[in-house]
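Engineer: Got entry-v5.csv for you, CSV, C-alpha atoms and all ligand atoms:
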```csv
chain,number,residue,atom,x,y,z
W,28,MET,CA,141.2,19.9,-62.8
W,29,PHE,CA,143.7,18.7,-60.3
W,30,LEU,CA,147.1,20.3,-60.3
W,31,ARG,CA,149.8,18.4,-58.6
W,32,ILE,CA,153.0,20.4,-57.9
W,33,VAL,CA,156.0,18.5,-56.9
W,34,ARG,CA,158.6,20.3,-54.7
W,35,GLY,CA,161.0,22.3,-56.7
W,36,PHE,CA,158.6,22.7,-59.6
W,37,SER,CA,156.7,25.8,-60.5
W,38,ALA,CA,153.4,26.0,-62.3
W,39,PHE,CA,152.3,28.5,-65.0
W,40,PRO,CA,149.3,28.8,-67.2
W,41,ALA,CA,150.0,27.8,-70.8
W,42,LYS,CA,148.2,27.4,-74.1
W,43,SER,CA,148.3,24.3,-76.4
W,44,ARG,CA,148.6,24.6,-80.2
W,45,SER,CA,144.8,24.1,-80.5
W,46,GLY,CA,144.3,27.1,-78.1
W,47,GLU,CA,143.3,25.1,-75.0
W,48,ARG,CA,144.5,26.5,-71.7
W,49,PHE,CA,146.3,24.3,-69.2
W,50,TYR,CA,148.7,24.5,-66.4
W,51,ALA,CA,152.2,23.4,-66.9
W,52,ALA,CA,154.9,22.7,-64.4
W,53,ARG,CA,158.5,23.0,-64.9
W,54,ARG,CA,161.8,23.0,-63.3
W,55,GLY,CA,164.4,25.2,-64.9
W,56,PRO,CA,163.8,26.0,-68.5
W,57,SER,CA,162.4,22.6,-69.6
W,58,LEU,CA,158.8,21.5,-69.5
W,59,TRP,CA,158.2,18.6,-67.2
W,60,TYR,CA,154.6,18.0,-66.4
W,61,THR,CA,151.4,19.2,-67.9
W,62,GLY,CA,148.2,19.1,-65.9
W,63,GLY,CA,144.7,18.7,-67.3
W,64,VAL,CA,142.8,21.3,-69.4
W,65,ALA,CA,141.5,24.3,-67.6
W,66,LYS,CA,138.8,26.5,-69.1
W,67,THR,CA,140.1,29.5,-67.3
W,68,PRO,CA,143.5,29.7,-65.7
W,69,ARG,CA,143.1,29.7,-62.0
W,70,LYS,CA,145.5,31.6,-59.8
W,71,LEU,CA,147.5,29.3,-57.6
W,72,ASP,CA,147.3,31.3,-54.5
W,73,GLY,CA,143.5,30.8,-54.6
W,74,ALA,CA,142.9,33.9,-52.6
W,75,LYS,CA,142.7,36.6,-55.2
W,76,GLY,CA,140.9,36.8,-58.5
W,77,GLU,CA,139.3,39.1,-60.9
W,78,ILE,CA,136.2,40.9,-59.7
W,79,PRO,CA,133.5,41.0,-62.3
W,80,GLU,CA,133.2,44.4,-64.0
W,81,ARG,CA,129.6,45.1,-62.7
W,82,ILE,CA,130.6,44.4,-59.1
W,83,ALA,CA,133.7,46.5,-59.4
W,84,ARG,CA,131.6,49.3,-60.8
W,85,LEU,CA,129.1,49.0,-58.0
W,86,ILE,CA,131.9,49.2,-55.5
W,87,SER,CA,133.5,52.2,-57.1
W,88,ASP,CA,130.1,53.9,-57.2
W,89,MET,CA,129.6,53.1,-53.6
W,90,ARG,CA,133.0,54.6,-52.8
W,91,SER,CA,132.1,57.8,-54.6
W,92,GLY,CA,129.1,58.2,-52.3
W,93,LYS,CA,126.3,56.8,-54.5
W,94,ARG,CA,123.6,55.6,-52.2
W,95,LEU,CA,121.9,53.3,-54.7
W,96,ALA,CA,125.1,51.4,-55.2
W,97,LEU,CA,125.6,51.0,-51.5
W,98,ALA,CA,122.0,49.9,-51.0
W,99,ARG,CA,122.4,47.3,-53.8
W,100,LEU,CA,125.6,45.9,-52.3
W,101,ILE,CA,124.0,45.6,-48.9
W,102,SER,CA,121.0,43.8,-50.4
W,103,LYS,CA,123.4,41.3,-52.1
W,104,VAL,CA,125.0,40.6,-48.8
W,105,GLU,CA,121.7,40.4,-46.9
W,106,ASN,CA,120.0,38.1,-49.4
W,107,ARG,CA,123.1,35.9,-49.6
W,108,ASP,CA,123.2,36.6,-53.3
W,109,GLU,CA,125.2,34.5,-55.7
W,110,ASP,CA,127.6,37.5,-56.1
W,111,LEU,CA,128.3,37.5,-52.3
W,112,HIS,CA,131.8,36.1,-52.6
W,113,GLU,CA,132.9,38.6,-55.2
W,114,VAL,CA,131.4,41.5,-53.3
W,115,MET,CA,133.3,40.5,-50.2
W,116,ARG,CA,136.5,40.0,-52.2
W,117,GLY,CA,136.0,43.4,-53.7
W,118,ILE,CA,135.3,45.3,-50.5
W,119,TYR,CA,137.4,43.5,-47.9
W,120,ALA,CA,140.7,45.3,-48.5
W,121,LEU,CA,138.9,48.6,-48.3
W,122,SER,CA,137.4,47.9,-44.9
W,123,GLY,CA,139.0,47.9,-41.4
W,124,LYS,CA,138.9,51.6,-40.7
W,125,ALA,CA,135.5,52.2,-39.1
W,126,GLU,CA,134.7,52.2,-35.5
W,127,VAL,CA,131.8,49.8,-34.7
W,128,TRP,CA,129.6,50.6,-31.8
W,129,GLY,CA,126.8,48.3,-30.6
W,130,ILE,CA,123.8,49.6,-28.7
W,131,THR,CA,121.6,47.1,-26.9
W,132,GLY,CA,119.1,47.0,-24.1
W,133,PRO,CA,115.5,46.0,-23.4
W,134,PRO,CA,112.8,47.3,-25.7
W,135,GLY,CA,111.6,50.7,-24.7
W,136,ALA,CA,114.8,51.6,-22.9
W,137,GLY,CA,115.3,54.5,-25.4
W,138,LYS,CA,117.9,52.9,-27.7
W,139,SER,CA,116.5,54.3,-30.9
W,140,THR,CA,116.2,57.8,-29.4
W,141,MET,CA,119.8,57.4,-28.1
W,142,VAL,CA,121.2,56.3,-31.4
W,143,ASP,CA,119.6,59.2,-33.1
W,144,ARG,CA,121.2,61.6,-30.6
W,145,LEU,CA,124.6,59.9,-30.8
W,146,ALA,CA,124.4,60.4,-34.6
W,147,VAL,CA,123.9,64.1,-34.1
W,148,HIS,CA,126.9,64.4,-31.8
W,149,LEU,CA,129.0,62.4,-34.2
W,150,ARG,CA,128.0,64.6,-37.1
W,151,GLU,CA,129.0,67.7,-35.0
W,152,ARG,CA,132.4,66.0,-34.6
W,153,GLY,CA,132.6,65.7,-38.4
W,154,LYS,CA,132.1,61.9,-38.5
W,155,ARG,CA,130.1,60.1,-41.2
W,156,VAL,CA,127.7,57.7,-39.5
W,157,ALA,CA,125.9,54.5,-40.6
W,158,ILE,CA,123.1,53.1,-38.5
W,159,VAL,CA,122.2,49.4,-38.7
W,160,ALA,CA,119.0,48.5,-36.8
W,161,VAL,CA,118.8,44.8,-36.3
W,162,ASP,CA,115.5,43.2,-35.3
W,163,PRO,CA,115.5,39.4,-35.4
W,164,SER,CA,111.8,39.2,-34.8
W,165,SER,CA,111.0,41.3,-37.9
W,166,PRO,CA,110.4,39.7,-41.2
W,167,PHE,CA,111.0,43.1,-42.9
W,168,SER,CA,114.3,44.5,-44.0
W,169,GLY,CA,115.7,47.1,-46.3
W,170,GLY,CA,112.8,49.3,-45.2
W,171,ALA,CA,112.0,51.1,-42.0
W,172,ILE,CA,111.5,49.3,-38.7
W,173,LEU,CA,112.0,50.3,-35.1
W,174,GLY,CA,112.3,54.0,-34.8
W,175,ASP,CA,113.7,54.4,-38.3
W,176,ARG,CA,110.8,56.4,-39.7
W,177,ILE,CA,111.4,59.2,-37.3
W,178,ARG,CA,115.1,59.1,-37.7
W,179,MET,CA,114.9,59.0,-41.5
W,180,GLN,CA,113.1,62.3,-41.4
W,181,ARG,CA,115.7,64.0,-39.3
W,182,HIS,CA,118.6,62.8,-41.4
W,183,THR,CA,117.2,62.6,-44.9
W,184,SER,CA,119.0,65.7,-46.2
W,185,ASP,CA,122.3,64.6,-44.6
W,186,ASP,CA,124.7,62.7,-46.9
W,187,GLY,CA,126.8,61.9,-43.8
W,188,VAL,CA,124.2,59.6,-42.3
W,189,PHE,CA,123.0,56.3,-43.7
W,190,ILE,CA,120.3,54.1,-42.1
W,191,ARG,CA,119.5,50.5,-42.8
W,192,SER,CA,117.3,48.0,-41.0
W,193,LEU,CA,118.0,44.3,-41.0
W,194,GLY,CA,115.3,41.6,-40.3
W,195,THR,CA,115.2,37.9,-40.9
W,196,ARG,CA,114.0,37.9,-44.5
W,197,GLY,CA,115.5,35.7,-47.2
W,198,LYS,CA,118.7,34.4,-45.8
W,199,HIS,CA,120.3,31.0,-45.3
W,200,GLY,CA,122.9,32.0,-42.7
W,201,GLY,CA,122.3,33.6,-39.4
W,202,LEU,CA,121.3,37.2,-39.0
W,203,SER,CA,124.5,37.9,-37.0
W,204,HIS,CA,126.7,36.7,-39.9
W,205,ALA,CA,124.8,38.8,-42.4
W,206,THR,CA,125.0,41.8,-40.1
W,207,LYS,CA,128.8,41.4,-39.8
W,208,GLU,CA,129.1,41.5,-43.6
W,209,VAL,CA,126.8,44.5,-44.0
W,210,VAL,CA,129.0,46.3,-41.5
W,211,LEU,CA,132.1,45.4,-43.6
W,212,VAL,CA,130.3,46.9,-46.6
W,213,LEU,CA,129.5,50.1,-44.7
W,214,ASP,CA,133.1,50.2,-43.5
W,215,ALA,CA,134.4,49.9,-47.0
W,216,ALA,CA,132.0,52.7,-48.1
W,217,GLY,CA,133.9,55.0,-45.8
W,218,PHE,CA,131.7,55.6,-42.8
W,219,ASP,CA,133.7,56.6,-39.8
W,220,VAL,CA,131.3,55.1,-37.2
W,221,ILE,CA,128.8,52.3,-37.6
W,222,LEU,CA,126.2,52.1,-35.0
W,223,VAL,CA,124.6,48.7,-34.7
W,224,GLU,CA,121.4,48.8,-32.7
W,225,THR,CA,119.5,45.7,-31.6
W,226,ALA,CA,115.8,45.6,-30.8
W,227,GLY,CA,116.2,43.6,-27.5
W,228,VAL,CA,118.6,41.5,-25.5
W,229,GLY,CA,117.9,38.0,-26.7
W,230,GLN,CA,120.6,35.5,-27.7
W,231,THR,CA,120.5,36.5,-31.4
W,232,GLU,CA,120.9,40.2,-30.5
W,233,LEU,CA,123.8,39.5,-28.2
W,234,ASP,CA,125.4,37.4,-31.0
W,235,VAL,CA,125.0,40.3,-33.4
W,236,LEU,CA,127.0,42.5,-31.0
W,237,LYS,CA,130.1,40.3,-31.1
W,238,LEU,CA,131.1,42.4,-34.1
W,239,ALA,CA,131.1,45.7,-32.1
W,240,GLN,CA,134.3,47.1,-30.7
W,241,THR,CA,132.4,49.1,-28.1
W,242,VAL,CA,129.1,47.9,-26.7
W,243,ILE,CA,126.8,50.4,-25.0
W,244,VAL,CA,124.1,48.7,-22.8
W,245,THR,CA,121.1,51.0,-22.3
W,246,LEU,CA,119.0,50.4,-19.2
W,247,VAL,CA,116.1,52.1,-17.5
W,248,PRO,CA,114.9,51.8,-13.9
W,249,GLU,CA,112.0,49.7,-15.2
W,250,SER,CA,114.3,47.1,-16.7
W,251,GLY,CA,114.9,45.7,-13.2
W,252,ASP,CA,117.9,45.7,-10.9
W,253,SER,CA,121.5,44.7,-11.4
W,254,ILE,CA,120.7,41.0,-10.8
W,255,GLN,CA,118.6,41.1,-14.0
W,256,VAL,CA,121.5,42.6,-15.8
W,257,MET,CA,123.8,39.8,-14.7
W,258,LYS,CA,121.3,37.2,-15.6
W,259,ALA,CA,120.8,38.5,-19.1
W,260,GLY,CA,124.6,38.3,-19.6
W,261,LEU,CA,124.8,42.0,-20.2
W,262,MET,CA,127.7,42.5,-17.7
W,263,GLU,CA,130.0,40.4,-20.0
W,264,ILE,CA,129.3,42.4,-23.1
W,265,ALA,CA,129.0,45.9,-21.7
W,266,ASP,CA,131.8,48.4,-22.3
W,267,VAL,CA,129.7,51.4,-21.2
W,268,PHE,CA,126.4,51.5,-19.3
W,269,ALA,CA,123.9,54.2,-20.0
W,270,VAL,CA,121.1,54.5,-17.5
W,271,ASN,CA,118.5,56.3,-19.6
W,272,LYS,CA,115.4,58.1,-18.5
W,273,ALA,CA,117.4,59.7,-15.8
W,274,ASP,CA,114.5,62.0,-15.3
W,275,ARG,CA,112.9,59.1,-13.4
W,276,PRO,CA,113.6,59.2,-9.6
W,277,GLU,CA,114.6,55.5,-9.4
W,278,ALA,CA,117.5,56.1,-11.9
W,279,ASP,CA,120.0,56.8,-9.2
W,280,LYS,CA,119.4,53.5,-7.4
W,281,LEU,CA,120.2,51.6,-10.6
W,282,VAL,CA,123.3,53.7,-11.2
W,283,LYS,CA,124.5,52.9,-7.7
W,284,GLU,CA,123.9,49.2,-8.1
W,285,LEU,CA,125.7,49.1,-11.4
W,286,VAL,CA,128.7,51.0,-10.1
W,287,THR,CA,129.0,48.5,-7.2
W,288,MET,CA,128.7,45.6,-9.6
W,289,VAL,CA,131.4,47.0,-12.0
W,290,GLY,CA,133.6,47.5,-8.9
W,291,MET,CA,133.3,43.8,-8.1
W,292,ASN,CA,135.0,42.9,-11.5
W,293,ASP,CA,138.6,41.9,-11.3
W,294,HIS,CA,140.8,44.7,-12.7
W,295,ASP,CA,144.3,46.1,-12.7
W,296,GLU,CA,145.7,49.3,-13.9
W,297,ASN,CA,145.4,48.2,-17.6
W,298,SER,CA,141.8,47.1,-17.4
W,299,TRP,CA,138.9,49.1,-18.8
W,300,ILE,CA,136.6,50.1,-16.0
W,301,ILE,CA,133.1,50.2,-17.3
W,302,PRO,CA,131.7,53.7,-16.9
W,303,VAL,CA,128.1,54.1,-15.7
W,304,LEU,CA,126.4,57.2,-17.2
W,305,LYS,CA,123.1,58.8,-16.6
W,306,THR,CA,121.3,60.0,-19.8
W,307,GLU,CA,118.1,61.5,-20.9
W,308,ALA,CA,118.0,60.7,-24.6
W,309,VAL,CA,114.8,62.6,-25.4
W,310,ARG,CA,116.2,65.9,-24.0
W,311,ASP,CA,119.8,65.1,-25.2
W,312,VAL,CA,121.1,65.2,-21.6
W,313,GLY,CA,124.3,63.3,-20.9
W,314,VAL,CA,124.6,62.1,-24.5
W,315,LYS,CA,127.7,64.2,-25.1
W,316,GLU,CA,129.3,62.6,-22.1
W,317,LEU,CA,128.3,59.2,-23.4
W,318,THR,CA,129.9,60.0,-26.7
W,319,ASP,CA,133.1,61.0,-24.9
W,320,ALA,CA,133.1,57.8,-22.8
W,321,ILE,CA,132.8,55.7,-25.9
W,322,ALA,CA,135.6,57.7,-27.5
W,323,SER,CA,137.8,56.9,-24.4
W,324,HIS,CA,137.0,53.2,-24.8
W,325,GLN,CA,138.0,53.3,-28.4
W,326,ALA,CA,141.3,55.0,-27.4
W,327,TRP,CA,141.8,52.4,-24.7
W,328,LEU,CA,141.2,49.6,-27.2
W,329,THR,CA,144.1,50.8,-29.4
W,330,LYS,CA,146.4,51.6,-26.5
W,331,SER,CA,145.9,48.3,-24.7
W,332,GLY,CA,146.1,46.0,-27.8
W,333,HIS,CA,142.5,44.9,-27.3
W,334,ARG,CA,141.5,46.3,-30.7
W,335,GLU,CA,143.8,43.8,-32.5
W,336,GLU,CA,142.7,41.0,-30.2
W,337,LYS,CA,139.1,41.7,-30.9
W,338,GLY,CA,139.8,41.9,-34.6
W,339,ARG,CA,141.5,38.5,-34.6
W,340,ARG,CA,138.6,37.0,-32.8
W,341,PHE,CA,136.1,38.6,-35.1
W,342,LEU,CA,137.9,37.4,-38.2
W,343,LYS,CA,138.2,33.9,-36.9
W,344,GLU,CA,134.5,33.8,-36.3
W,345,GLU,CA,133.8,35.3,-39.7
W,346,VAL,CA,135.6,32.5,-41.5
W,347,LEU,CA,134.1,29.9,-39.2
W,348,ASP,CA,130.7,31.4,-40.0
W,349,ILE,CA,131.4,31.0,-43.7
W,350,LEU,CA,132.4,27.4,-43.3
W,351,ALA,CA,129.3,26.7,-41.2
W,352,GLU,CA,127.1,28.3,-43.8
W,353,ARG,CA,128.7,26.3,-46.6
W,354,LEU,CA,128.5,23.1,-44.6
W,355,GLU,CA,124.9,23.7,-43.7
W,356,ARG,CA,124.1,24.1,-47.4
W,357,THR,CA,126.0,21.0,-48.4
W,358,LEU,CA,124.4,19.0,-45.6
W,359,ALA,CA,120.9,20.2,-46.5
W,360,GLY,CA,121.4,18.6,-49.9
W,361,ALA,CA,123.0,15.4,-48.7
W,362,PHE,CA,120.0,13.2,-49.2
W,363,GLU,CA,118.8,15.0,-52.3
W,364,THR,CA,121.2,13.0,-54.6
W,365,ARG,CA,120.6,9.5,-55.9
W,366,SER,CA,123.3,8.1,-53.7
W,367,GLY,CA,121.8,10.0,-50.7
W,368,GLN,CA,118.4,8.4,-51.4
W,369,GLU,CA,120.0,5.0,-51.6
W,370,LEU,CA,121.7,5.6,-48.3
W,371,LEU,CA,118.4,6.5,-46.8
W,372,GLU,CA,116.9,3.3,-48.0
W,373,GLN,CA,119.8,1.3,-46.6
W,374,LEU,CA,119.2,3.0,-43.2
W,375,LEU,CA,115.6,2.1,-43.4
W,376,ARG,CA,116.4,-1.5,-44.1
W,377,ARG,CA,118.8,-1.4,-41.1
W,378,GLU,CA,121.7,-2.3,-43.5
W,379,ILE,CA,123.7,0.6,-42.2
W,380,ASP,CA,123.7,2.5,-38.9
W,381,PRO,CA,123.3,6.4,-38.8
W,382,TYR,CA,127.0,6.9,-37.7
W,383,SER,CA,128.3,4.9,-40.6
W,384,ALA,CA,125.9,6.8,-42.9
W,385,ALA,CA,127.3,10.1,-41.6
W,386,ASP,CA,130.8,8.7,-42.3
W,387,VAL,CA,129.8,8.0,-45.9
W,388,ILE,CA,128.4,11.5,-46.3
W,389,SER,CA,131.4,13.3,-44.8
W,390,ARG,CA,133.6,11.4,-47.2
W,391,VAL,CA,131.8,12.7,-50.2
W,401,LIG,P1,113.8,51.5,-27.8
W,401,LIG,O1,112.7,50.5,-27.9
W,401,LIG,O2,114.8,51.0,-26.8
W,401,LIG,O3,114.5,51.8,-29.1
W,401,LIG,O4,113.2,52.8,-27.2
W,401,LIG,P2,112.8,54.2,-28.0
W,401,LIG,O5,113.9,55.0,-28.4
W,401,LIG,O6,111.8,53.8,-29.0
W,401,LIG,O7,112.1,54.9,-26.8
W,401,LIG,C1,110.9,54.4,-26.1
W,401,LIG,C2,110.2,55.6,-25.5
W,401,LIG,O8,110.9,56.1,-24.4
W,401,LIG,C3,109.9,56.7,-26.4
W,401,LIG,O9,108.6,57.1,-26.2
W,401,LIG,C4,110.9,57.7,-26.1
W,401,LIG,O10,110.5,59.0,-26.4
W,401,LIG,C5,111.0,57.5,-24.6
W,401,LIG,N1,112.3,58.0,-24.1
W,401,LIG,C6,113.5,57.9,-24.6
W,401,LIG,N2,114.5,58.4,-23.8
W,401,LIG,C7,113.8,58.9,-22.7
W,401,LIG,C8,114.2,59.6,-21.5
W,401,LIG,O11,115.4,59.9,-21.3
W,401,LIG,N3,113.2,60.0,-20.6
W,401,LIG,C9,111.9,59.7,-20.8
W,401,LIG,N4,111.0,60.0,-19.9
W,401,LIG,N5,111.5,59.0,-22.0
W,401,LIG,C10,112.4,58.7,-22.9
```
I need this file expressed as structure tokens, please.

Structural biologist:
Amino acid sequence: MFLRIVRGFSAFPAKSRSGERFYAARRGPSLWYTGGVAKTPRKLDGAKGEIPERIARLISDMRSGKRLALARLISKVENRDEDLHEVMRGIYALSGKAEVWGITGPPGAGKSTMVDRLAVHLRERGKRVAIVAVDPSSPFSGGAILGDRIRMQRHTSDDGVFIRSLGTRGKHGGLSHATKEVVLVLDAAGFDVILVETAGVGQTELDVLKLAQTVIVTLVPESGDSIQVMKAGLMEIADVFAVNKADRPEADKLVKELVTMVGMNDHDENSWIIPVLKTEAVRDVGVKELTDAIASHQAWLTKSGHREEKGRRFLKEEVLDILAERLERTLAGAFETRSGQELLEQLLRREIDPYSAADVISRV
């Protein structure tokens, strides 16, 4: 149904004598224009709507701490379920309170061990923690990948820790988009800190980290020198450097190089100067200091206005991601229709060129 509203007119849902619903427009008390018949009255602002009862119940169960409800909502997001839109509509207003930390670094740097330790420190500070382990190379999800098995054991009896792995299984959109939305669900569930850990430092992993307010780059002497760090684009995304396996003698050399590199960045009195910390995740050495450094960064984000700026950028990307996902789906079906097939035949007969064909499709 198309509803045309002329300036100065207002629209309201109405019912005909035979019980059909329609929208009517009026100016003053008299009826002026009636639109077509609508099966269900749509809200004119288009932004809000009823959340189906079963989704609303899942969300309220999740809010009251029921793990199963949380896991089911995450699966809906991860699998791009048909309820996705309703889930997001239901949780969005409840999100926006959590701190999101991203942990990246080359495989074997000790990220999983570090995340586990960070979770312990956060629990001591009374925070509820969610851990999302993202591995783009893994087809598995919802189960245990990376170092999760070990972590699970340590935290199983703790209601304040939730762990979830994300792989590439069963999705249309990119992994980074799904991860962002999983983080929103965890945020709405009331976790204070969400730790997003990537398996490596490839492009997908770095994209995933765009959602984090604070990014911790974990390096070890074996991961190469600071030139490698620059090349991998880690300098641009790092808010804190952790040189792990500080028990190794070469650790100090890497620390020095990183400090020099950070010093070469442009900065003034309002800039965040990336701290470089030495850690030994296995023995829990330096992890408390790392937690403090991250907390300082979080405080700086608020004070400097960068939190809002990051939030704006994040939301813009989120909406663009949704549009891209929709467009991709529409485009994928462009030649599946009868007119699409006909267009293809025309192209084959050289009756139309590809640009004009694209014009035809984008007009549909
Ligand atoms: P990830 O692949 O980055 O998640 O790395 P893991 O957390 O799985 O750690 C890889 C290996 O390094 C494991 O055997 C850890 O026990 C070990 N490890 C982690 N931190 C340290 C550390 O500070 N010193 C040493 N020597 N080994 C560590």

Engineer: Calculate how many Å separate CA of Ser298 (chain W) from CA of Ser323 (chain W), rounding to one decimal.

Structural biologist: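 We find that CA of Ser298 (chain W) and CA of Ser323 (chain W) lie 12.7 Å from each other.
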
Engineer: Per residue of chain W within 6 Å of ligand LIG 401 (chain W), what are the shortest atom pair and its distance in Å to one decimal, counting all atoms listed in the file, with rows by chain and residue number, as a tab-separated table?

Structural biologist:
```
residue	atom	partner	partner_atom	distance
W:Pro134	CA	W:LIG401	O1	3.9
W:Gly135	CA	W:LIG401	O1	3.4
W:Ala136	CA	W:LIG401	O2	3.9
W:Gly137	CA	W:LIG401	O4	3.2
W:Lys138	CA	W:LIG401	O2	3.7
W:Ser139	CA	W:LIG401	O3	3.7
W:Thr140	CA	W:LIG401	O5	3.8
W:Gly174	CA	W:LIG401	O6	5.8
W:Asn271	CA	W:LIG401	O11	5.0
W:Lys272	CA	W:LIG401	O11	3.3
W:Ala273	CA	W:LIG401	O11	5.9
W:Asp274	CA	W:LIG401	N3	5.8
W:Glu307	CA	W:LIG401	O11	3.2
W:Ala308	CA	W:LIG401	N2	4.3
W:Val309	CA	W:LIG401	N2	4.5
```

Engineer: When you draw a straight line from CA of Glu372 (chain W) to CA of Arg390 (chain W), how long is it in Å?

Structural biologist: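 Atom-to-atom, CA of Glu372 (chain W) and CA of Arg390 (chain W) are spaced 18.6 Å apart.
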
Engineer: How big is the axis-aligned box around all listed atoms of region 115-125 of chain W once 8 Å goes on each side, and where's its centre, in Å to one decimal, as AutoDock Vina command-line options?

Structural biologist:
```
--center_x 137.0 --center_y 46.1 --center_z -46.4 --size_x 23.4 --size_y 28.2 --size_z 30.6
```

Engineer: Region 340-357 of chain W: which residues within 10 Å, counting all atoms listed in the file, same-chain residues fewer than 5 positions away excluded, as an MDAnalysis selection string?

Structural biologist: chainID W and resid 199:201 203:205 207:208 237:240 334:335 362

Engineer: Report, in Å to a single decimal, how far apart CA of Leu211 (chain W) and CA of Ile78 (chain W) are.

Structural biologist: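 The value is 17.2 Å.
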
Engineer: Nearest to Ala157 (chain W): which of W:Ile82, W:Val210, W:Met89, W:Leu111 is it, counting all atoms listed in the file?

Structural biologist: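 Under the stated criterion, the closest residue is W:Val210.
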
Engineer: Which residue, W:Ile101, W:Leu213, W:Met291, W:Leu304, has the smallest gap to Val127 (chain W) when you use all atoms listed in the file?

Structural biologist: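 Ranking W:Ile101, W:Leu213, W:Met291, W:Leu304 by distance to Val127 (chain W), first place goes to W:Leu213.
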
Engineer: Here is a test: counting only C-alpha atoms, which residue of W:Ala215, W:Leu246, W:Leu233, W:Ile254 is nearest to Asp88 (chain W)?

Structural biologist: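 Closest to Asp88 (chain W), using only C-alpha atoms: W:Ala215.
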
Engineer: Would you mind listing, for every residue of region 279-318 of chain W within 9 Å of region 324-332 of chain W, the two atoms forming the shortest contact and the distance between them in Å to one decimal, using all atoms listed in the file, sorted by chain and ascending residue number, as a Markdown table?

Structural biologist:
```
| residue | atom | partner | partner_atom | distance |
| --- | --- | --- | --- | --- |
| W:Asn297 | CA | W:Ser331 | CA | 7.1 |
| W:Ser298 | CA | W:Ser331 | CA | 8.5 |
| W:Trp299 | CA | W:Trp327 | CA | 7.4 |
| W:Ile301 | CA | W:His324 | CA | 9.0 |
```

Engineer: Which residue gives the smallest distance to Val267 (chain W) among W:Gly129, W:Gly217, W:Pro302, W:Gly338, with all atoms listed in the file counted?

Structural biologist: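 With all atoms listed in the file as the atom set, the closest residue is W:Pro302.
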
Engineer: Do you know which residues are at most 12 Å from Val147 (chain W) counting only C-alpha atoms, after dropping those on the same chain fewer than 3 positions away, and could you put them as a ChimeraX atom specification?

Structural biologist: /W:140-144,150-158,178,181-182,185,187-188,308,311,314-315,318

Engineer: Given all atoms listed in the file as the basis, pick out the residue of W:Leu95, W:Val212, W:Ala160, W:Leu85 nearest to Ser122 (chain W).

Structural biologist: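 Between W:Leu95, W:Val212, W:Ala160, W:Leu85, the residue approaching Ser122 (chain W) most closely is W:Val212.
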
Engineer: Between W:Glu105, W:Thr225, W:Gly290, W:Leu121, single out the one closest to Ser87 (chain W), counting only C-alpha atoms.

Structural biologist: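 Looking at the shortest contact to Ser87 (chain W), the residue is W:Leu121.
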
Engineer: So which residues touch Val270 (chain W) within 7 Å, counting all atoms listed in the file, skipping near sequence neighbours fewer than 6 positions away, as number ranges by chain?

Structural biologist: W: 245-247, 278, 282, 304-306

Engineer: Considering only C-alpha atoms, return as number ranges by chain whatever protein or nucleic-acid residues lie within 12 Å of Val303 (chain W), sequence-local ones (same chain, fewer than 5 positions apart) excluded.

Structural biologist: W: 243-246, 262, 265-271, 278-279, 281-290, 313, 316-317, 320-321

Engineer: Could you add N, CA and C atoms to region 235-244 of chain W and give me the result as an mmCIF file, in the frame of the given file?

Structural biologist:
```
data_model
loop_
_atom_site.group_PDB
_atom_site.id
_atom_site.type_symbol
_atom_site.label_atom_id
_atom_site.label_comp_id
_atom_site.auth_asym_id
_atom_site.auth_seq_id
_atom_site.Cartn_x
_atom_site.Cartn_y
_atom_site.Cartn_z
ATOM 1 N N VAL W 235 124.787 39.218 -32.373
ATOM 2 C CA VAL W 235 125.000 40.300 -33.400
ATOM 3 C C VAL W 235 126.088 41.244 -32.834
ATOM 4 N N LEU W 236 126.068 41.475 -31.525
ATOM 5 C CA LEU W 236 127.000 42.500 -31.000
ATOM 6 C C LEU W 236 128.418 42.057 -30.863
ATOM 7 N N LYS W 237 128.681 40.787 -31.167
ATOM 8 C CA LYS W 237 130.100 40.300 -31.100
ATOM 9 C C LYS W 237 130.945 41.116 -32.113
ATOM 10 N N LEU W 238 130.295 41.714 -33.106
ATOM 11 C CA LEU W 238 131.100 42.400 -34.100
ATOM 12 C C LEU W 238 131.460 43.834 -33.641
ATOM 13 N N ALA W 239 130.870 44.304 -32.545
ATOM 14 C CA ALA W 239 131.100 45.700 -32.100
ATOM 15 C C ALA W 239 132.399 45.790 -31.293
ATOM 16 N N GLN W 240 133.114 46.881 -31.497
ATOM 17 C CA GLN W 240 134.300 47.100 -30.700
ATOM 18 C C GLN W 240 133.922 47.672 -29.314
ATOM 19 N N THR W 241 132.890 48.514 -29.332
ATOM 20 C CA THR W 241 132.400 49.100 -28.100
ATOM 21 C C THR W 241 130.897 48.799 -27.967
ATOM 22 N N VAL W 242 130.504 48.187 -26.853
ATOM 23 C CA VAL W 242 129.100 47.900 -26.700
ATOM 24 C C VAL W 242 128.503 48.777 -25.560
ATOM 25 N N ILE W 243 127.444 49.484 -25.921
ATOM 26 C CA ILE W 243 126.800 50.400 -25.000
ATOM 27 C C ILE W 243 125.476 49.643 -24.542
ATOM 28 N N VAL W 244 125.354 49.367 -23.261
ATOM 29 C CA VAL W 244 124.100 48.700 -22.800
ATOM 30 C C VAL W 244 123.257 49.827 -22.153
#
```
